[in-house]
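**Student:** Sharing coords19.pdb here; it has PDB, C-alpha atoms.
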ATOM      1  CA  MET O  25     -30.007  -0.273 -17.789
ATOM      2  CA  PRO O  26     -26.598   1.489 -17.921
ATOM      3  CA  THR O  27     -23.563  -0.523 -16.932
ATOM      4  CA  GLU O  28     -20.851   0.717 -14.648
ATOM      5  CA  PRO O  29     -17.634   1.604 -16.449
ATOM      6  CA  GLU O  30     -14.724  -0.732 -15.927
ATOM      7  CA  PRO O  31     -12.291   0.647 -13.358
ATOM      8  CA  ALA O  32      -9.038   1.898 -14.841
ATOM      9  CA  MET O  33      -6.088  -0.391 -14.343
ATOM     10  CA  SER O  34      -3.659   0.847 -11.754
ATOM     11  CA  GLU O  35       0.032   1.369 -12.402
ATOM     12  CA  VAL O  36       0.747  -1.870 -10.541
ATOM     13  CA  ASP O  37      -1.812  -3.799 -12.592
ATOM     14  CA  ASP O  38      -0.359  -2.403 -15.827
ATOM     15  CA  PHE O  39       3.150  -3.369 -14.732
ATOM     16  CA  LEU O  40       2.139  -6.907 -13.694
ATOM     17  CA  ASP O  41       0.096  -7.378 -16.861
ATOM     18  CA  GLU O  42       3.100  -6.469 -18.996
ATOM     19  CA  MET O  43       5.893  -8.142 -17.044
ATOM     20  CA  LEU O  44       4.720 -11.105 -15.002
ATOM     21  CA  SER O  45       4.011 -13.541 -17.835
ATOM     22  CA  LYS O  46       7.392 -12.737 -19.458
ATOM     23  CA  GLN O  47       9.175 -13.294 -16.173
ATOM     24  CA  VAL O  48       7.427 -16.590 -15.420
ATOM     25  CA  ALA O  49       8.195 -17.819 -18.955
ATOM     26  CA  ALA O  50      11.856 -16.815 -18.524
ATOM     27  CA  GLU O  51      12.090 -18.616 -15.185
ATOM     28  CA  ARG O  52      10.514 -21.751 -16.613
ATOM     29  CA  ALA O  53      13.017 -21.615 -19.484
ATOM     30  CA  ILE O  54      16.115 -21.206 -17.293
ATOM     31  CA  HIS O  55      14.943 -24.157 -15.215
ATOM     32  CA  GLU O  56      14.930 -26.148 -18.459
ATOM     33  CA  GLY O  57      18.500 -25.033 -19.186
ATOM     34  CA  ASP O  58      17.606 -22.183 -21.589
ATOM     35  CA  VAL O  59      19.143 -18.894 -20.418
ATOM     36  CA  GLU O  60      18.080 -16.693 -23.365
ATOM     37  CA  PRO O  61      14.581 -15.665 -22.158
ATOM     38  CA  ARG O  62      16.012 -14.561 -18.796
ATOM     39  CA  LEU O  63      18.768 -12.573 -20.491
ATOM     40  CA  ALA O  64      16.136 -10.882 -22.663
ATOM     41  CA  ILE O  65      14.207  -9.395 -19.725
ATOM     42  CA  TRP O  66      17.186  -8.065 -17.774
ATOM     43  CA  SER O  67      18.708  -4.613 -18.155
ATOM     44  CA  ARG O  68      22.170  -4.297 -19.647
ATOM     45  CA  ASN O  69      22.512  -0.857 -18.039
ATOM     46  CA  ASP O  70      24.310  -0.761 -14.721
ATOM     47  CA  PRO O  71      23.552  -0.858 -11.925
ATOM     48  CA  VAL O  72      22.299  -4.445 -12.135
ATOM     49  CA  THR O  73      22.737  -6.787  -9.183
ATOM     50  CA  LEU O  74      22.080 -10.374  -8.212
ATOM     51  CA  PHE O  75      21.891 -11.799  -4.703
ATOM     52  CA  GLY O  76      21.332 -15.401  -5.723
ATOM     53  CA  ALA O  77      20.341 -18.360  -3.610
ATOM     54  CA  ALA O  78      23.385 -20.372  -4.710
ATOM     55  CA  VAL O  79      25.930 -17.665  -5.589
ATOM     56  CA  PRO O  80      27.640 -14.750  -3.885
ATOM     57  CA  VAL O  81      26.641 -11.179  -4.692
ATOM     58  CA  ARG O  82      27.085 -10.297  -8.356
ATOM     59  CA  SER O  83      27.202  -6.754  -9.656
ATOM     60  CA  GLY O  84      27.371  -5.457 -13.219
ATOM     61  CA  TRP O  85      25.976  -7.022 -16.359
ATOM     62  CA  PRO O  86      29.073  -9.095 -17.295
ATOM     63  CA  GLU O  87      29.096 -10.866 -13.896
ATOM     64  CA  VAL O  88      25.316 -11.222 -13.709
ATOM     65  CA  SER O  89      24.993 -12.672 -17.217
ATOM     66  CA  ARG O  90      27.875 -15.138 -16.639
ATOM     67  CA  THR O  91      26.100 -16.279 -13.478
ATOM     68  CA  PHE O  92      22.839 -16.811 -15.380
ATOM     69  CA  HIS O  93      24.639 -19.033 -17.899
ATOM     70  CA  TRP O  94      26.075 -21.074 -15.014
ATOM     71  CA  VAL O  95      22.638 -21.344 -13.357
ATOM     72  CA  ALA O  96      21.029 -22.561 -16.598
ATOM     73  CA  SER O  97      23.737 -25.232 -16.970
ATOM     74  CA  ARG O  98      22.710 -26.778 -13.629
ATOM     75  CA  PHE O  99      18.961 -27.113 -14.354
ATOM     76  CA  SER O 100      16.821 -29.395 -16.519
ATOM     77  CA  GLU O 101      13.372 -30.980 -16.515
ATOM     78  CA  SER O 102      11.401 -28.406 -14.577
ATOM     79  CA  VAL O 103       8.047 -30.071 -14.021
ATOM     80  CA  ASP O 104       6.401 -27.399 -11.894
ATOM     81  CA  TYR O 105       7.468 -23.748 -11.620
ATOM     82  CA  ARG O 106       5.114 -21.212 -10.041
ATOM     83  CA  PHE O 107       5.689 -17.649  -8.867
ATOM     84  CA  GLU O 108       3.371 -16.685  -6.018
ATOM     85  CA  VAL O 109       3.238 -12.874  -5.831
ATOM     86  CA  VAL O 110       2.981 -11.640  -2.245
ATOM     87  CA  ALA O 111       3.340  -7.922  -2.965
ATOM     88  CA  ALA O 112       4.054  -5.672  -5.925
ATOM     89  CA  GLY O 113       4.396  -1.992  -6.528
ATOM     90  CA  ALA O 114       5.018   0.365  -9.421
ATOM     91  CA  SER O 115       5.538   4.090  -9.645
ATOM     92  CA  GLY O 116       6.871   5.895 -12.659
ATOM     93  CA  ASP O 117       9.801   3.950 -14.050
ATOM     94  CA  LEU O 118      10.466   1.747 -11.005
ATOM     95  CA  ALA O 119       8.645  -1.366  -9.805
ATOM     96  CA  TYR O 120       9.130  -4.391  -7.573
ATOM     97  CA  THR O 121       7.727  -7.825  -6.839
ATOM     98  CA  ILE O 122       8.071  -9.943  -3.727
ATOM     99  CA  GLY O 123       6.986 -13.548  -3.716
ATOM    100  CA  PHE O 124       7.702 -17.236  -3.495
ATOM    101  CA  GLU O 125       9.119 -19.318  -6.325
ATOM    102  CA  HIS O 126       7.947 -22.921  -6.082
ATOM    103  CA  ASN O 127       9.820 -25.381  -8.272
ATOM    104  CA  THR O 128      10.247 -29.079  -8.900
ATOM    105  CA  VAL O 129      13.256 -29.492 -11.166
ATOM    106  CA  ARG O 130      16.339 -31.561 -11.858
ATOM    107  CA  VAL O 131      19.422 -29.816 -10.377
ATOM    108  CA  ASN O 132      22.793 -31.307 -11.276
ATOM    109  CA  GLY O 133      21.012 -34.511 -12.237
ATOM    110  CA  GLU O 134      18.876 -34.898  -9.092
ATOM    111  CA  MET O 135      15.148 -34.161  -8.978
ATOM    112  CA  THR O 136      14.347 -31.739  -6.175
ATOM    113  CA  THR O 137      11.474 -29.577  -4.950
ATOM    114  CA  TYR O 138      12.107 -26.256  -3.264
ATOM    115  CA  THR O 139      10.672 -22.834  -2.524
ATOM    116  CA  LEU O 140      12.663 -19.598  -2.677
ATOM    117  CA  ARG O 141      11.758 -16.178  -1.376
ATOM    118  CA  ALA O 142      12.321 -13.871  -4.344
ATOM    119  CA  THR O 143      12.455 -10.100  -4.651
ATOM    120  CA  HIS O 144      12.858  -8.352  -7.997
ATOM    121  CA  VAL O 145      13.390  -4.690  -8.816
ATOM    122  CA  TYR O 146      12.486  -3.411 -12.285
ATOM    123  CA  ARG O 147      13.319  -0.259 -14.222
ATOM    124  CA  ARG O 148      11.483   0.941 -17.321
ATOM    125  CA  GLU O 149      13.960   1.502 -20.138
ATOM    126  CA  ASP O 150      12.906   2.731 -23.558
ATOM    127  CA  GLY O 151       9.289   1.966 -22.665
ATOM    128  CA  GLU O 152       9.905  -1.642 -21.519
ATOM    129  CA  TRP O 153      10.270  -3.088 -18.044
ATOM    130  CA  ARG O 154      13.650  -4.684 -17.320
ATOM    131  CA  ILE O 155      14.825  -6.469 -14.195
ATOM    132  CA  VAL O 156      17.738  -4.708 -12.496
ATOM    133  CA  HIS O 157      17.968  -6.682  -9.241
ATOM    134  CA  ARG O 158      17.081 -10.138  -7.961
ATOM    135  CA  HIS O 159      17.421 -11.498  -4.455
ATOM    136  CA  GLY O 160      16.460 -15.121  -3.964
ATOM    137  CA  ASP O 161      17.008 -17.268  -0.902
ATOM    138  CA  PRO O 162      15.579 -20.437   0.622
ATOM    139  CA  VAL O 163      12.654 -20.119   2.992
ATOM    140  CA  PRO O 164      14.007 -20.767   6.503
ATOM    141  CA  GLU O 165      12.960 -24.177   7.789
ATOM    142  CA  ASP O 166      11.027 -22.654  10.681
ATOM    143  CA  GLN O 167       8.894 -20.535   8.331
ATOM    144  CA  GLU O 168       6.174 -21.553   5.924
ATOM    145  CA  PRO O 169       5.875 -19.842   2.531
ATOM    146  CA  ARG O 170       2.541 -18.128   3.085
ATOM    147  CA  VAL O 171       1.072 -14.692   2.663
ATOM    148  CA  ASN O 172      -1.119 -14.521   5.773
ATOM    149  CA  PRO O 173       0.013 -16.159   9.040
TER
END
Taking this structure as input, can you express it in the form of structure tokens?
**Tutor:**
Amino acid sequence: MPTEPEPAMSEVDDFLDEMLSKQVAAERAIHEGDVEPRLAIWSRNDPVTLFGAAVPVRSGWPEVSRTFHWVASRFSESVDYRFEVVAAGASGDLAYTIGFEHNTVRVNGEMTTYTLRATHVYRREDGEWRIVHRHGDPVPEDQEPRVNP
């Protein structure tokens, strides 16, 4: 009996397959104090921007990378980092993800658990996806981090 052919992966699936595991590994690393994996997946080509949960707006690679070093210096002992993708898209050389980052980690010496809403924008450069924008902020207290209400 003939089998049905496997459906072709979509552009979004291809993007997520290539990028998501690298990004999760980089986030786990920065929450252990290691900034290098995060630096490796970000573009060095402006425009790059950061709207961080704990920092004002940063624009341009020198400012963004300095901020990442500062962020890494605050974190250690991440015991549970998960990125819950709510939505993703990819078309040509641009892509995005929207989701929740759940983390239990030591911040400035104190163990804490939190959830951030996180949006990332990616640009394909020389055949590889690079992050060019991140916006992370705490989930408002009157909202639950969930996909379907």
**Student:** Give as an mmCIF file with C-alpha atoms, in the coordinates of the input the residues that the PyMOL selection byres ((chain O and resi 113-118) around 8) matches when applied to the coordinates above.
**Tutor:**
data_model
loop_
_atom_site.group_PDB
_atom_site.id
_atom_site.type_symbol
_atom_site.label_atom_id
_atom_site.label_comp_id
_atom_site.auth_asym_id
_atom_site.auth_seq_id
_atom_site.Cartn_x
_atom_site.Cartn_y
_atom_site.Cartn_z
ATOM 1 C CA GLU O 35 0.032 1.369 -12.402
ATOM 2 C CA VAL O 36 0.747 -1.870 -10.541
ATOM 3 C CA PHE O 39 3.150 -3.369 -14.732
ATOM 4 C CA ALA O 111 3.340 -7.922 -2.965
ATOM 5 C CA ALA O 112 4.054 -5.672 -5.925
ATOM 6 C CA ALA O 119 8.645 -1.366 -9.805
ATOM 7 C CA TYR O 120 9.130 -4.391 -7.573
ATOM 8 C CA THR O 121 7.727 -7.825 -6.839
ATOM 9 C CA VAL O 145 13.390 -4.690 -8.816
ATOM 10 C CA TYR O 146 12.486 -3.411 -12.285
ATOM 11 C CA ARG O 147 13.319 -0.259 -14.222
ATOM 12 C CA ARG O 148 11.483 0.941 -17.321
ATOM 13 C CA GLU O 149 13.960 1.502 -20.138
#
**Student:** Here is a test: counting only C-alpha atoms, which residue of O:Gln47, O:Gln167, O:Thr73, O:Asn132 is nearest to O:Thr91?
**Tutor:** O:Thr73
**Student:** Within 9 Å of stretch 76-90 of chain O, counting only C-alpha atoms, which residues qualify if same-chain residues fewer than 5 places away don't, as an MDAnalysis selection string?
**Tutor:** chainID O and resid 63 66:71 95 140 158:162
**Student:** Kindly save the residues from that selection, with C-alpha atoms included, as a compact mmCIF listing (two decimals), keeping the file's coordinate frame.
**Tutor:**
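The new file again.txt reads:
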# COMPACT_ATOMS: atom_id res chain seq x y z
CA LEU O 63 18.77 -12.57 -20.49
CA TRP O 66 17.19 -8.06 -17.77
CA SER O 67 18.71 -4.61 -18.16
CA ARG O 68 22.17 -4.30 -19.65
CA ASN O 69 22.51 -0.86 -18.04
CA ASP O 70 24.31 -0.76 -14.72
CA PRO O 71 23.55 -0.86 -11.92
CA VAL O 95 22.64 -21.34 -13.36
CA LEU O 140 12.66 -19.60 -2.68
CA ARG O 158 17.08 -10.14 -7.96
CA HIS O 159 17.42 -11.50 -4.46
CA GLY O 160 16.46 -15.12 -3.96
CA ASP O 161 17.01 -17.27 -0.90
CA PRO O 162 15.58 -20.44 0.62
**Student:** Residues picked by the PyMOL selection byres ((chain O and resi 55) around 6) here, as a PyMOL selection string?
**Tutor:** chain O and resi 52-54+56-57+99-100+102
**Student:** What does the distance between atom CA of O:Gly123 and atom CA of O:Tyr105 come to in Å, to one decimal place?
**Tutor:**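 So the two atoms, atom CA of O:Gly123 and atom CA of O:Tyr105, lie 12.9 Å apart.
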**Student:** If I take atom CA of O:Val109 and atom CA of O:Asp41, how far is one from the other in Å, to one decimal?
**Tutor:**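 These atoms are spaced 12.7 Å apart.
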**Student:** When you count only C-alpha atoms, which of these residues is closest to O:Ile155: O:Glu134, O:Asp38, O:Phe107, O:Thr143?
**Tutor:**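 Using only C-alpha atoms, the shortest distance to O:Ile155 belongs to O:Thr143.
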**Student:** Under the PyMOL selection byres ((chain O and resi 126) around 6), which residues of this model are included? Write them out as a list of chain:residue names.
**Tutor:**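 Going through the file, the PyMOL selection byres ((chain O and resi 126) around 6) ends up selecting O:Tyr105, O:Arg106, O:Glu125, O:Asn127, O:Thr139.
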**Student:** May I ask for the distance between atom CA of O:Asp37 and atom CA of O:Phe92, given in Å to one decimal place?
**Tutor:**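 Atom CA of O:Asp37 sits 28.0 Å away from atom CA of O:Phe92.
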**Student:** Rank O:Glu60, O:Glu51, O:Asp166, O:Glu101 by their smallest atom-to-atom distance to O:Ala142, using all atoms listed in the file, and report the top residue only.
**Tutor:**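 Checking each candidate against O:Ala142, we get O:Glu51 as the closest.
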**Student:** Write a file for stretch 39-60 of chain O, containing C-alpha atoms (output as an mmCIF file, in the first residue's frame).
**Tutor:**
data_model
loop_
_atom_site.group_PDB
_atom_site.id
_atom_site.type_symbol
_atom_site.label_atom_id
_atom_site.label_comp_id
_atom_site.auth_asym_id
_atom_site.auth_seq_id
_atom_site.Cartn_x
_atom_site.Cartn_y
_atom_site.Cartn_z
ATOM 1 C CA PHE O 39 13.010 28.942 10.557
ATOM 2 C CA LEU O 40 11.974 27.502 13.944
ATOM 3 C CA ASP O 41 13.859 24.273 13.279
ATOM 4 C CA GLU O 42 17.043 26.215 12.578
ATOM 5 C CA MET O 43 16.787 28.966 15.182
ATOM 6 C CA LEU O 44 14.736 27.975 18.204
ATOM 7 C CA SER O 45 17.139 25.475 19.763
ATOM 8 C CA LYS O 46 20.058 27.928 19.353
ATOM 9 C CA GLN O 47 18.050 30.690 20.970
ATOM 10 C CA VAL O 48 16.899 28.565 23.910
ATOM 11 C CA ALA O 49 20.487 27.384 24.476
ATOM 12 C CA ALA O 50 21.710 31.002 24.378
ATOM 13 C CA GLU O 51 19.056 32.099 26.869
ATOM 14 C CA ARG O 52 19.889 29.247 29.219
ATOM 15 C CA ALA O 53 23.565 30.227 28.990
ATOM 16 C CA ILE O 54 23.035 33.936 29.724
ATOM 17 C CA HIS O 55 20.951 32.963 32.743
ATOM 18 C CA GLU O 56 23.996 31.015 33.935
ATOM 19 C CA GLY O 57 26.184 34.098 33.462
ATOM 20 C CA ASP O 58 27.605 33.126 30.036
ATOM 21 C CA VAL O 59 26.964 35.880 27.476
ATOM 22 C CA GLU O 60 28.849 34.348 24.516
#
